[in-house]
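The file work_31.cif contains mmCIF, C-alpha atoms, pLDDT in the B column; chains and numbers go by the auth columns:
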```cif
data_entry
#
loop_
_atom_site.group_PDB
_atom_site.id
_atom_site.type_symbol
_atom_site.label_atom_id
_atom_site.label_comp_id
_atom_site.label_asym_id
_atom_site.label_seq_id
_atom_site.Cartn_x
_atom_site.Cartn_y
_atom_site.Cartn_z
_atom_site.B_iso_or_equiv
_atom_site.auth_seq_id
_atom_site.auth_asym_id
ATOM 1 C CA MET A 1 118.907 88.998 98.059 91.00 1 A
ATOM 2 C CA HIS A 2 118.598 92.692 97.228 95.00 2 A
ATOM 3 C CA LEU A 3 115.206 93.609 95.727 96.00 3 A
ATOM 4 C CA LEU A 4 114.629 96.997 94.074 97.00 4 A
ATOM 5 C CA VAL A 5 111.019 98.229 94.104 96.00 5 A
ATOM 6 C CA VAL A 6 110.024 101.080 91.765 95.00 6 A
ATOM 7 C CA ALA A 7 106.674 102.772 92.352 91.00 7 A
ATOM 8 C CA ASN A 8 105.093 106.107 93.154 84.00 8 A
ATOM 9 C CA GLU A 9 101.348 106.386 93.804 79.00 9 A
ATOM 10 C CA THR A 10 101.043 102.582 93.752 83.00 10 A
ATOM 11 C CA VAL A 11 103.680 102.166 96.434 82.00 11 A
ATOM 12 C CA THR A 12 101.150 101.794 99.260 80.00 12 A
ATOM 13 C CA GLY A 13 99.057 99.190 97.462 82.00 13 A
ATOM 14 C CA ARG A 14 98.534 95.861 99.191 86.00 14 A
ATOM 15 C CA THR A 15 99.150 94.056 95.881 90.00 15 A
ATOM 16 C CA LEU A 16 102.668 95.464 95.798 89.00 16 A
ATOM 17 C CA ILE A 17 103.361 94.523 99.409 88.00 17 A
ATOM 18 C CA GLU A 18 102.241 90.956 98.684 89.00 18 A
ATOM 19 C CA ALA A 19 104.545 90.821 95.642 91.00 19 A
ATOM 20 C CA VAL A 20 107.472 91.828 97.849 92.00 20 A
ATOM 21 C CA GLU A 21 106.512 89.218 100.435 89.00 21 A
ATOM 22 C CA ARG A 22 106.621 86.505 97.746 88.00 22 A
ATOM 23 C CA HIS A 23 110.327 87.274 97.379 86.00 23 A
ATOM 24 C CA ARG A 24 110.874 86.770 101.090 80.00 24 A
ATOM 25 C CA ALA A 25 114.240 85.151 101.804 73.00 25 A
ATOM 26 C CA GLU A 26 116.239 84.602 104.969 72.00 26 A
ATOM 27 C CA ASP A 27 118.392 87.593 104.096 85.00 27 A
ATOM 28 C CA LEU A 28 116.100 89.836 102.003 90.00 28 A
ATOM 29 C CA ARG A 29 116.951 93.509 101.609 92.00 29 A
ATOM 30 C CA VAL A 30 114.465 95.857 99.921 95.00 30 A
ATOM 31 C CA THR A 31 115.139 99.285 98.453 96.00 31 A
ATOM 32 C CA VAL A 32 112.081 101.308 97.406 96.00 32 A
ATOM 33 C CA ILE A 33 112.435 104.276 95.049 95.00 33 A
ATOM 34 C CA CYS A 34 109.578 106.686 94.355 92.00 34 A
ATOM 35 C CA PRO A 35 110.112 108.840 91.258 88.00 35 A
ATOM 36 C CA VAL A 36 108.182 112.093 91.667 81.00 36 A
ATOM 37 C CA ASN A 37 105.599 112.760 88.955 66.00 37 A
ATOM 38 C CA GLN A 38 107.080 115.520 86.819 63.00 38 A
ATOM 39 C CA PRO A 39 104.746 117.049 84.230 59.00 39 A
ATOM 40 C CA SER A 40 106.436 117.564 80.887 56.00 40 A
ATOM 41 C CA ARG A 41 104.520 120.807 80.443 53.00 41 A
ATOM 42 C CA GLY A 42 103.383 123.565 82.742 50.00 42 A
ATOM 43 C CA TYR A 43 104.264 127.201 83.276 47.00 43 A
ATOM 44 C CA VAL A 44 104.667 126.765 87.040 49.00 44 A
ATOM 45 C CA VAL A 45 104.878 123.368 88.757 53.00 45 A
ATOM 46 C CA TYR A 46 104.972 123.053 92.555 53.00 46 A
ATOM 47 C CA GLU A 47 107.430 120.189 92.931 58.00 47 A
ATOM 48 C CA ASP A 48 107.604 120.568 96.717 64.00 48 A
ATOM 49 C CA THR A 49 104.011 119.387 97.130 66.00 49 A
ATOM 50 C CA ARG A 50 104.581 116.451 94.770 70.00 50 A
ATOM 51 C CA ARG A 51 107.778 115.450 96.567 78.00 51 A
ATOM 52 C CA ALA A 52 106.118 115.715 99.989 76.00 52 A
ATOM 53 C CA ALA A 53 103.239 113.491 98.857 74.00 53 A
ATOM 54 C CA ALA A 54 105.664 110.900 97.485 81.00 54 A
ATOM 55 C CA GLY A 55 107.621 111.019 100.749 85.00 55 A
ATOM 56 C CA ARG A 56 104.511 110.325 102.823 81.00 56 A
ATOM 57 C CA ARG A 57 103.620 107.344 100.620 81.00 57 A
ATOM 58 C CA LEU A 58 107.160 106.001 100.880 89.00 58 A
ATOM 59 C CA ASP A 59 107.204 106.302 104.678 90.00 59 A
ATOM 60 C CA ARG A 60 103.927 104.352 104.972 84.00 60 A
ATOM 61 C CA THR A 61 105.240 101.586 102.717 87.00 61 A
ATOM 62 C CA LEU A 62 108.542 101.217 104.533 91.00 62 A
ATOM 63 C CA ALA A 63 106.654 100.985 107.821 90.00 63 A
ATOM 64 C CA MET A 64 104.396 98.261 106.382 86.00 64 A
ATOM 65 C CA LEU A 65 107.379 96.241 105.136 88.00 65 A
ATOM 66 C CA ARG A 66 109.230 96.563 108.431 89.00 66 A
ATOM 67 C CA GLU A 67 106.120 95.427 110.303 88.00 67 A
ATOM 68 C CA GLU A 68 106.350 92.240 108.212 84.00 68 A
ATOM 69 C CA GLY A 69 109.953 91.782 109.335 86.00 69 A
ATOM 70 C CA ILE A 70 111.429 92.838 105.971 88.00 70 A
ATOM 71 C CA SER A 71 114.541 95.019 105.995 90.00 71 A
ATOM 72 C CA ALA A 72 113.592 98.022 103.862 93.00 72 A
ATOM 73 C CA HIS A 73 114.769 101.515 103.134 94.00 73 A
ATOM 74 C CA GLY A 74 113.967 103.939 100.325 94.00 74 A
ATOM 75 C CA LEU A 75 114.179 107.358 98.786 93.00 75 A
ATOM 76 C CA VAL A 76 112.208 109.843 96.726 92.00 76 A
ATOM 77 C CA VAL A 77 113.944 110.731 93.459 91.00 77 A
ATOM 78 C CA GLU A 78 113.374 113.645 91.100 84.00 78 A
ATOM 79 C CA SER A 79 114.219 111.773 87.892 86.00 79 A
ATOM 80 C CA ASP A 80 111.970 109.726 85.614 89.00 80 A
ATOM 81 C CA PRO A 81 111.568 106.021 86.537 93.00 81 A
ATOM 82 C CA VAL A 82 113.957 104.676 83.893 95.00 82 A
ATOM 83 C CA THR A 83 116.749 107.068 84.870 94.00 83 A
ATOM 84 C CA ALA A 84 116.034 106.356 88.544 93.00 84 A
ATOM 85 C CA VAL A 85 116.475 102.621 87.951 96.00 85 A
ATOM 86 C CA ARG A 86 119.650 103.104 85.934 96.00 86 A
ATOM 87 C CA ASP A 87 121.163 105.229 88.723 95.00 87 A
ATOM 88 C CA ALA A 88 120.045 102.807 91.443 95.00 88 A
ATOM 89 C CA LEU A 89 121.563 99.802 89.672 96.00 89 A
ATOM 90 C CA ALA A 90 124.842 101.654 89.288 95.00 90 A
ATOM 91 C CA GLN A 91 125.040 102.979 92.852 95.00 91 A
ATOM 92 C CA LEU A 92 123.300 100.624 95.283 94.00 92 A
ATOM 93 C CA GLU A 93 125.281 98.251 97.471 92.00 93 A
ATOM 94 C CA PRO A 94 124.982 95.341 97.652 92.00 94 A
ATOM 95 C CA PRO A 95 124.110 95.024 93.943 95.00 95 A
ATOM 96 C CA VAL A 96 120.447 94.623 93.017 96.00 96 A
ATOM 97 C CA ASP A 97 119.394 91.049 92.171 96.00 97 A
ATOM 98 C CA GLU A 98 115.778 91.524 91.080 96.00 98 A
ATOM 99 C CA LEU A 99 113.289 94.325 90.437 97.00 99 A
ATOM 100 C CA ILE A 100 109.574 94.894 90.964 97.00 100 A
ATOM 101 C CA VAL A 101 107.896 97.756 89.082 96.00 101 A
ATOM 102 C CA ALA A 102 104.366 98.716 90.153 93.00 102 A
ATOM 103 C CA THR A 103 101.987 100.679 87.947 92.00 103 A
ATOM 104 C CA HIS A 104 98.345 101.655 87.818 87.00 104 A
ATOM 105 C CA PRO A 105 96.057 99.673 85.481 88.00 105 A
ATOM 106 C CA HIS A 106 96.712 100.448 81.832 83.00 106 A
ATOM 107 C CA GLN A 107 93.907 102.963 81.364 76.00 107 A
ATOM 108 C CA LYS A 108 95.262 105.116 84.204 76.00 108 A
ATOM 109 C CA SER A 109 99.012 104.550 83.917 81.00 109 A
ATOM 110 C CA GLY A 110 101.266 107.206 82.435 79.00 110 A
ATOM 111 C CA TRP A 111 104.202 104.814 82.887 86.00 111 A
ATOM 112 C CA LEU A 112 102.578 102.168 80.698 87.00 112 A
ATOM 113 C CA ARG A 113 101.688 104.733 78.039 83.00 113 A
ATOM 114 C CA LYS A 114 105.373 105.686 77.976 86.00 114 A
ATOM 115 C CA ASN A 115 106.488 102.035 77.700 92.00 115 A
ATOM 116 C CA VAL A 116 108.377 102.312 80.994 94.00 116 A
ATOM 117 C CA ILE A 117 108.318 98.574 81.817 96.00 117 A
ATOM 118 C CA ASP A 118 110.122 97.497 78.644 96.00 118 A
ATOM 119 C CA ARG A 119 112.601 100.362 78.988 96.00 119 A
ATOM 120 C CA ILE A 120 113.378 99.317 82.569 97.00 120 A
ATOM 121 C CA ARG A 121 113.865 95.718 81.426 97.00 121 A
ATOM 122 C CA ASP A 122 116.422 96.987 78.889 97.00 122 A
ATOM 123 C CA VAL A 123 118.255 98.859 81.647 97.00 123 A
ATOM 124 C CA ALA A 124 118.078 95.877 84.038 97.00 124 A
ATOM 125 C CA GLY A 125 119.887 93.554 81.638 96.00 125 A
ATOM 126 C CA THR A 126 119.792 89.981 82.907 96.00 126 A
ATOM 127 C CA ARG A 127 118.116 90.857 86.214 97.00 127 A
ATOM 128 C CA PRO A 128 114.483 89.620 86.471 96.00 128 A
ATOM 129 C CA VAL A 129 111.880 92.416 86.358 97.00 129 A
ATOM 130 C CA GLU A 130 108.363 91.705 87.698 96.00 130 A
ATOM 131 C CA HIS A 131 105.529 94.045 86.696 96.00 131 A
ATOM 132 C CA VAL A 132 102.779 94.410 89.302 94.00 132 A
ATOM 133 C CA VAL A 133 99.500 96.194 88.530 94.00 133 A
ATOM 134 C CA VAL A 134 98.038 97.985 91.558 90.00 134 A
ATOM 135 C CA ASP A 135 94.516 99.405 91.461 87.00 135 A
ATOM 136 C CA VAL A 136 94.841 101.946 94.265 79.00 136 A
ATOM 137 C CA THR A 137 91.245 103.117 93.922 76.00 137 A
ATOM 138 C CA ALA A 138 89.850 99.596 94.269 81.00 138 A
ATOM 139 C CA GLU A 139 92.146 98.734 97.184 79.00 139 A
ATOM 140 C CA THR A 140 91.865 101.912 99.236 72.00 140 A
ATOM 141 C CA GLY A 141 88.966 103.925 97.845 73.00 141 A
ATOM 142 C CA GLN A 142 91.327 106.887 97.443 73.00 142 A
ATOM 143 C CA GLN A 143 90.486 109.099 94.465 77.00 143 A
ATOM 144 C CA ASN A 144 92.764 111.302 92.391 79.00 144 A
ATOM 145 C CA VAL A 145 90.641 114.324 91.470 85.00 145 A
ATOM 146 C CA LEU A 146 91.740 116.802 88.809 86.00 146 A
ATOM 147 C CA VAL A 147 90.411 120.314 89.464 87.00 147 A
ATOM 148 C CA LEU A 148 90.284 122.885 86.651 84.00 148 A
ATOM 149 C CA ALA A 149 89.650 126.421 87.829 81.00 149 A
ATOM 150 C CA ASN A 150 90.748 129.923 86.882 70.00 150 A
ATOM 151 C CA GLU A 151 89.469 133.342 85.997 60.00 151 A
ATOM 152 C CA THR A 152 88.914 133.969 82.314 45.00 152 A
ATOM 153 C CA GLU A 153 91.680 136.541 82.197 45.00 153 A
ATOM 154 C CA GLY A 154 94.884 137.073 84.150 66.00 154 A
ATOM 155 C CA SER A 155 98.647 136.938 83.815 59.00 155 A
ATOM 156 C CA HIS A 156 100.756 134.020 85.023 67.00 156 A
ATOM 157 C CA PRO A 157 101.680 135.717 88.335 73.00 157 A
ATOM 158 C CA GLU A 158 97.983 136.273 89.112 76.00 158 A
ATOM 159 C CA ALA A 159 97.149 132.671 88.304 76.00 159 A
ATOM 160 C CA GLU A 160 100.060 131.527 90.436 78.00 160 A
ATOM 161 C CA ARG A 161 98.792 133.500 93.436 81.00 161 A
ATOM 162 C CA ARG A 162 95.312 131.996 93.065 82.00 162 A
ATOM 163 C CA LEU A 163 96.798 128.523 92.789 82.00 163 A
ATOM 164 C CA LYS A 164 98.961 128.957 95.895 82.00 164 A
ATOM 165 C CA ARG A 165 95.926 130.052 97.869 85.00 165 A
ATOM 166 C CA ALA A 166 93.813 127.118 96.642 84.00 166 A
ATOM 167 C CA VAL A 167 96.548 124.576 97.394 84.00 167 A
ATOM 168 C CA ALA A 168 97.104 126.029 100.864 86.00 168 A
ATOM 169 C CA GLU A 169 93.383 125.971 101.712 88.00 169 A
ATOM 170 C CA LEU A 170 92.906 122.402 100.493 87.00 170 A
ATOM 171 C CA ARG A 171 95.966 121.155 102.361 85.00 171 A
ATOM 172 C CA GLY A 172 94.745 122.998 105.434 89.00 172 A
ATOM 173 C CA ALA A 173 91.522 121.009 105.149 91.00 173 A
ATOM 174 C CA GLY A 174 93.528 117.768 105.218 87.00 174 A
ATOM 175 C CA ILE A 175 93.374 117.081 101.472 86.00 175 A
ATOM 176 C CA ASP A 176 96.626 115.852 99.898 81.00 176 A
ATOM 177 C CA THR A 177 97.031 118.413 97.116 83.00 177 A
ATOM 178 C CA HIS A 178 99.515 119.544 94.498 78.00 178 A
ATOM 179 C CA GLY A 179 99.052 121.945 91.620 80.00 179 A
ATOM 180 C CA GLN A 180 100.448 123.756 88.627 78.00 180 A
ATOM 181 C CA VAL A 181 99.741 126.637 86.292 79.00 181 A
ATOM 182 C CA ALA A 182 99.187 124.769 83.044 76.00 182 A
ATOM 183 C CA HIS A 183 98.202 125.228 79.402 75.00 183 A
ATOM 184 C CA PRO A 184 95.877 128.240 78.953 77.00 184 A
ATOM 185 C CA ASP A 185 93.308 126.059 77.166 83.00 185 A
ATOM 186 C CA PRO A 186 91.559 124.043 79.923 85.00 186 A
ATOM 187 C CA PHE A 187 90.718 121.109 77.616 87.00 187 A
ATOM 188 C CA SER A 188 94.372 120.724 76.581 85.00 188 A
ATOM 189 C CA ALA A 189 95.499 121.193 80.192 83.00 189 A
ATOM 190 C CA ALA A 190 93.218 118.366 81.367 86.00 190 A
ATOM 191 C CA LEU A 191 94.362 115.932 78.672 83.00 191 A
ATOM 192 C CA GLU A 192 98.022 116.714 79.392 78.00 192 A
ATOM 193 C CA ALA A 193 97.476 116.098 83.114 78.00 193 A
ATOM 194 C CA MET A 194 95.840 112.738 82.390 78.00 194 A
ATOM 195 C CA ARG A 195 98.777 111.685 80.244 71.00 195 A
ATOM 196 C CA GLU A 196 101.098 112.339 83.183 67.00 196 A
ATOM 197 C CA GLU A 197 99.274 110.727 86.112 72.00 197 A
ATOM 198 C CA ARG A 198 96.218 108.849 87.344 75.00 198 A
ATOM 199 C CA VAL A 199 92.963 110.820 87.263 84.00 199 A
ATOM 200 C CA ASP A 200 89.763 109.220 88.598 86.00 200 A
ATOM 201 C CA GLU A 201 87.478 112.230 88.391 91.00 201 A
ATOM 202 C CA ILE A 202 87.496 115.830 87.121 92.00 202 A
ATOM 203 C CA ILE A 203 85.939 118.863 88.766 92.00 203 A
ATOM 204 C CA VAL A 204 85.483 121.940 86.563 89.00 204 A
ATOM 205 C CA SER A 205 84.833 125.237 88.326 85.00 205 A
ATOM 206 C CA THR A 206 83.430 128.087 86.208 80.00 206 A
ATOM 207 C CA PHE A 207 81.406 131.251 86.455 78.00 207 A
ATOM 208 C CA GLY A 208 77.750 131.098 85.416 72.00 208 A
ATOM 209 C CA PRO A 209 76.822 130.689 81.728 68.00 209 A
ATOM 210 C CA GLU A 210 76.552 134.423 81.174 62.00 210 A
ATOM 211 C CA LYS A 211 80.191 134.989 82.211 64.00 211 A
ATOM 212 C CA SER A 212 81.967 131.743 81.390 69.00 212 A
ATOM 213 C CA GLY A 213 83.971 131.351 78.206 70.00 213 A
ATOM 214 C CA TRP A 214 84.660 127.747 79.209 74.00 214 A
ATOM 215 C CA LEU A 215 80.943 126.908 79.117 72.00 215 A
ATOM 216 C CA ARG A 216 80.474 128.664 75.789 72.00 216 A
ATOM 217 C CA ARG A 217 83.186 126.327 74.432 77.00 217 A
ATOM 218 C CA ASP A 218 81.261 123.317 75.808 83.00 218 A
ATOM 219 C CA LEU A 219 84.249 122.336 77.984 86.00 219 A
ATOM 220 C CA VAL A 220 82.385 120.054 80.400 87.00 220 A
ATOM 221 C CA GLU A 221 80.741 117.878 77.755 89.00 221 A
ATOM 222 C CA ARG A 222 83.943 117.685 75.691 90.00 222 A
ATOM 223 C CA LEU A 223 85.820 116.415 78.759 91.00 223 A
ATOM 224 C CA ARG A 224 83.100 113.853 79.523 91.00 224 A
ATOM 225 C CA THR A 225 83.248 112.562 75.954 90.00 225 A
ATOM 226 C CA GLU A 226 87.026 112.521 75.599 88.00 226 A
ATOM 227 C CA THR A 227 88.284 111.355 79.014 88.00 227 A
ATOM 228 C CA GLY A 228 85.820 108.645 80.020 86.00 228 A
ATOM 229 C CA VAL A 229 85.991 109.663 83.705 89.00 229 A
ATOM 230 C CA PRO A 230 83.256 111.383 85.755 92.00 230 A
ATOM 231 C CA VAL A 231 83.246 115.158 85.272 92.00 231 A
ATOM 232 C CA GLU A 232 81.509 117.348 87.854 92.00 232 A
ATOM 233 C CA HIS A 233 80.713 120.989 87.092 89.00 233 A
ATOM 234 C CA VAL A 234 80.505 123.524 89.915 87.00 234 A
ATOM 235 C CA THR A 235 79.592 127.196 89.492 84.00 235 A
ATOM 236 C CA ALA A 236 81.217 130.084 91.352 74.00 236 A
ATOM 237 C CA ASN A 237 79.142 133.223 91.841 65.00 237 A
ATOM 238 C CA GLU A 238 82.167 135.492 91.905 58.00 238 A
ATOM 239 C CA GLY A 239 85.899 135.378 91.444 54.00 239 A
ATOM 240 C CA VAL A 240 88.439 135.051 94.227 52.00 240 A
ATOM 241 C CA PRO A 241 90.770 138.074 94.571 50.00 241 A
ATOM 242 C CA ALA A 242 94.399 137.331 93.794 42.00 242 A
#
```
Go through the file and emit its structure as structure tokens.
Amino acid sequence: MHLLVVANETVTGRTLIEAVERHRAEDLRVTVICPVNQPSRGYVVYEDTRRAAAGRRLDRTLAMLREEGISAHGLVVESDPVTAVRDALAQLEPPVDELIVATHPHQKSGWLRKNVIDRIRDVAGTRPVEHVVVDVTAETGQQNVLVLANETEGSHPEAERRLKRAVAELRGAGIDTHGQVAHPDPFSAALEAMREERVDEIIVSTFGPEKSGWLRRDLVERLRTETGVPVEHVTANEGVPA
């Protein structure tokens, strides 16, 4: 039997691995595809960091499956999950018999908000599609933290240089990081990010009250009220040169 598994951040969840193991057959073949999160909006998006993170998750999952004696291979794809499934069903050999699609819980799942499961079932036709909910935070304790930070003024190239430096420093500290230059309004940027992917906590970095336009617009409290996730506010004494 050829089983197609579709997941991205949830791919390393133990719940997903157990779902695959329930399909164990004498001749089970598993293909795992990880669609890279692709924000629908953003002036500059660093896809290389997103793809690298997805690749590391995929490698860990394939290793876990192989340790269980399950023949598995996989790939990271740049397309949305529905297109990725359509392409996989058309191209994979031997043909796919069944599918498992893993998502975050509803309140944190961009895929569920976009009705991805039903759309994949339409693409799959008569093939069975199992939906598995994986709570990565509960299983692993790993948090997805959204960081909002910028100077009050600056062109896109200046913001891009600051972002590159921040991403490089965080990755150098061993933190799995990706980033983008997003909507100029930080409140809109945060809500757009949460529509695209799982966010467990938000950190807002601003200047002090006397210099911060974000604080004068009550950004922190608006985010706490609207998002329902913890929002931490940190204050920078001075800006970071581009």
Check: Rounded to one decimal in Å, what is the spacing between CA of Thr137 (chain A) and CA of Arg57 (chain A)?
Finding: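 According to the coordinates, CA of Thr137 (chain A) and CA of Arg57 (chain A) are separated by 14.7 Å.
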Next item on the list: Starting from the displayed file, determine the output of the PyMOL selection byres ((chain A and resi 2) around 12) and express the residue list as a ChimeraX atom specification.
Entry: /A:1,3-5,20,23-32,70-73,88-89,92-100,127-128
Next item on the list: Measuring atom to atom with only C-alpha atoms, identify which of A:Val231, A:Leu16, A:Val101, A:Val77 is nearest to Val116 (chain A).
Entry: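 Comparing A:Val231, A:Leu16, A:Val101, A:Val77 against Val116 (chain A), the winner is A:Val101.
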Notebook entry, point to check: With only C-alpha atoms as the atoms that count, which of A:Val129, A:Ile120, A:Ala102, A:Ile175 lies nearest to Gln142 (chain A)?
Noted result: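 The answer is A:Ile175, which sits nearest to Gln142 (chain A).
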Checklist line | Residue IDs satisfying the PyMOL selection byres ((chain A and resi 103) around 8), as number ranges by chain | finding: A: 7, 10, 101-102, 104-105, 109, 111-112, 131-134
Notebook entry, point to check: In Å, how far is it from CA of Thr15 (chain A) to CA of Ala53 (chain A)?
Noted result: 20.1 Å
Notebook entry, point to check: Which of these, A:Val199, A:Val147, A:Leu215, A:Ile17, has the shortest distance to Gly179 (chain A) once you count only C-alpha atoms?
Noted result: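 Checking each candidate against Gly179 (chain A), we get A:Val147 as the closest.
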Checklist line | Nearest to Asn144 (chain A) by atom-to-atom distance, counting only C-alpha atoms, from A:Val229, A:Leu75, A:Val234, A:Val6 | finding: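 Going through A:Val229, A:Leu75, A:Val234, A:Val6 one by one, the smallest distance to Asn144 (chain A) is for A:Val229.
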Notebook entry, point to check: Do you know which residues the PyMOL selection byres ((chain A and resi 218-220) around 8) returns on this file, as a ChimeraX atom specification?
Noted result: /A:186-187,204,214-217,221-224,231-233
Centre and edge lengths, as JSON, for the axis-aligned box enclosing every listed atom of region 108-119 of chain A with 4 Å of padding on each of the six sides, in Å to one decimal?
```
{"center_x": 103.9, "center_y": 102.4, "center_z": 81.0, "size_x": 25.3, "size_y": 17.7, "size_z": 14.5}
```
Next item on the list: Find, counting only C-alpha atoms, the residue in A:Ser188, A:Gln107, A:Thr12, A:Thr83 that gets nearest to Thr61 (chain A).
Entry: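 Among the listed residues, A:Thr12 lies closest to Thr61 (chain A).
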Item checked: Nearest residue to Phe207 (chain A) from the set A:Arg51, A:Ala236, A:Asp118, A:Asp80 (distances using all atoms listed in the file) ->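 That would be A:Ala236, the residue with the smallest distance to Phe207 (chain A).
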Checklist line | Distance in Å - CA of Arg195 (chain A) versus CA of Lys108 (chain A) | finding: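 Atom-to-atom, CA of Arg195 (chain A) and CA of Lys108 (chain A) are spaced 8.4 Å apart.
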Checklist line | Shell of 6 Å around Thr235 (chain A), only C-alpha atoms, local chain residues under 2 positions omitted, as a PyMOL selection string | finding: chain A and resi 205-208
Take the selection from the previous step and output its residues with C-alpha atoms, as a compact mmCIF listing (two decimals), in the coordinates of the input.
```txt
# COMPACT_ATOMS: atom_id res chain seq x y z
CA SER A 205 84.83 125.24 88.33
CA THR A 206 83.43 128.09 86.21
CA PHE A 207 81.41 131.25 86.46
CA GLY A 208 77.75 131.10 85.42
```
Check: So which residues touch Asn115 (chain A) within 12 Å, counting only C-alpha atoms, skipping near sequence neighbours fewer than 6 positions away, as a ChimeraX atom specification?
Finding: /A:81-82,103,106,109,121-122
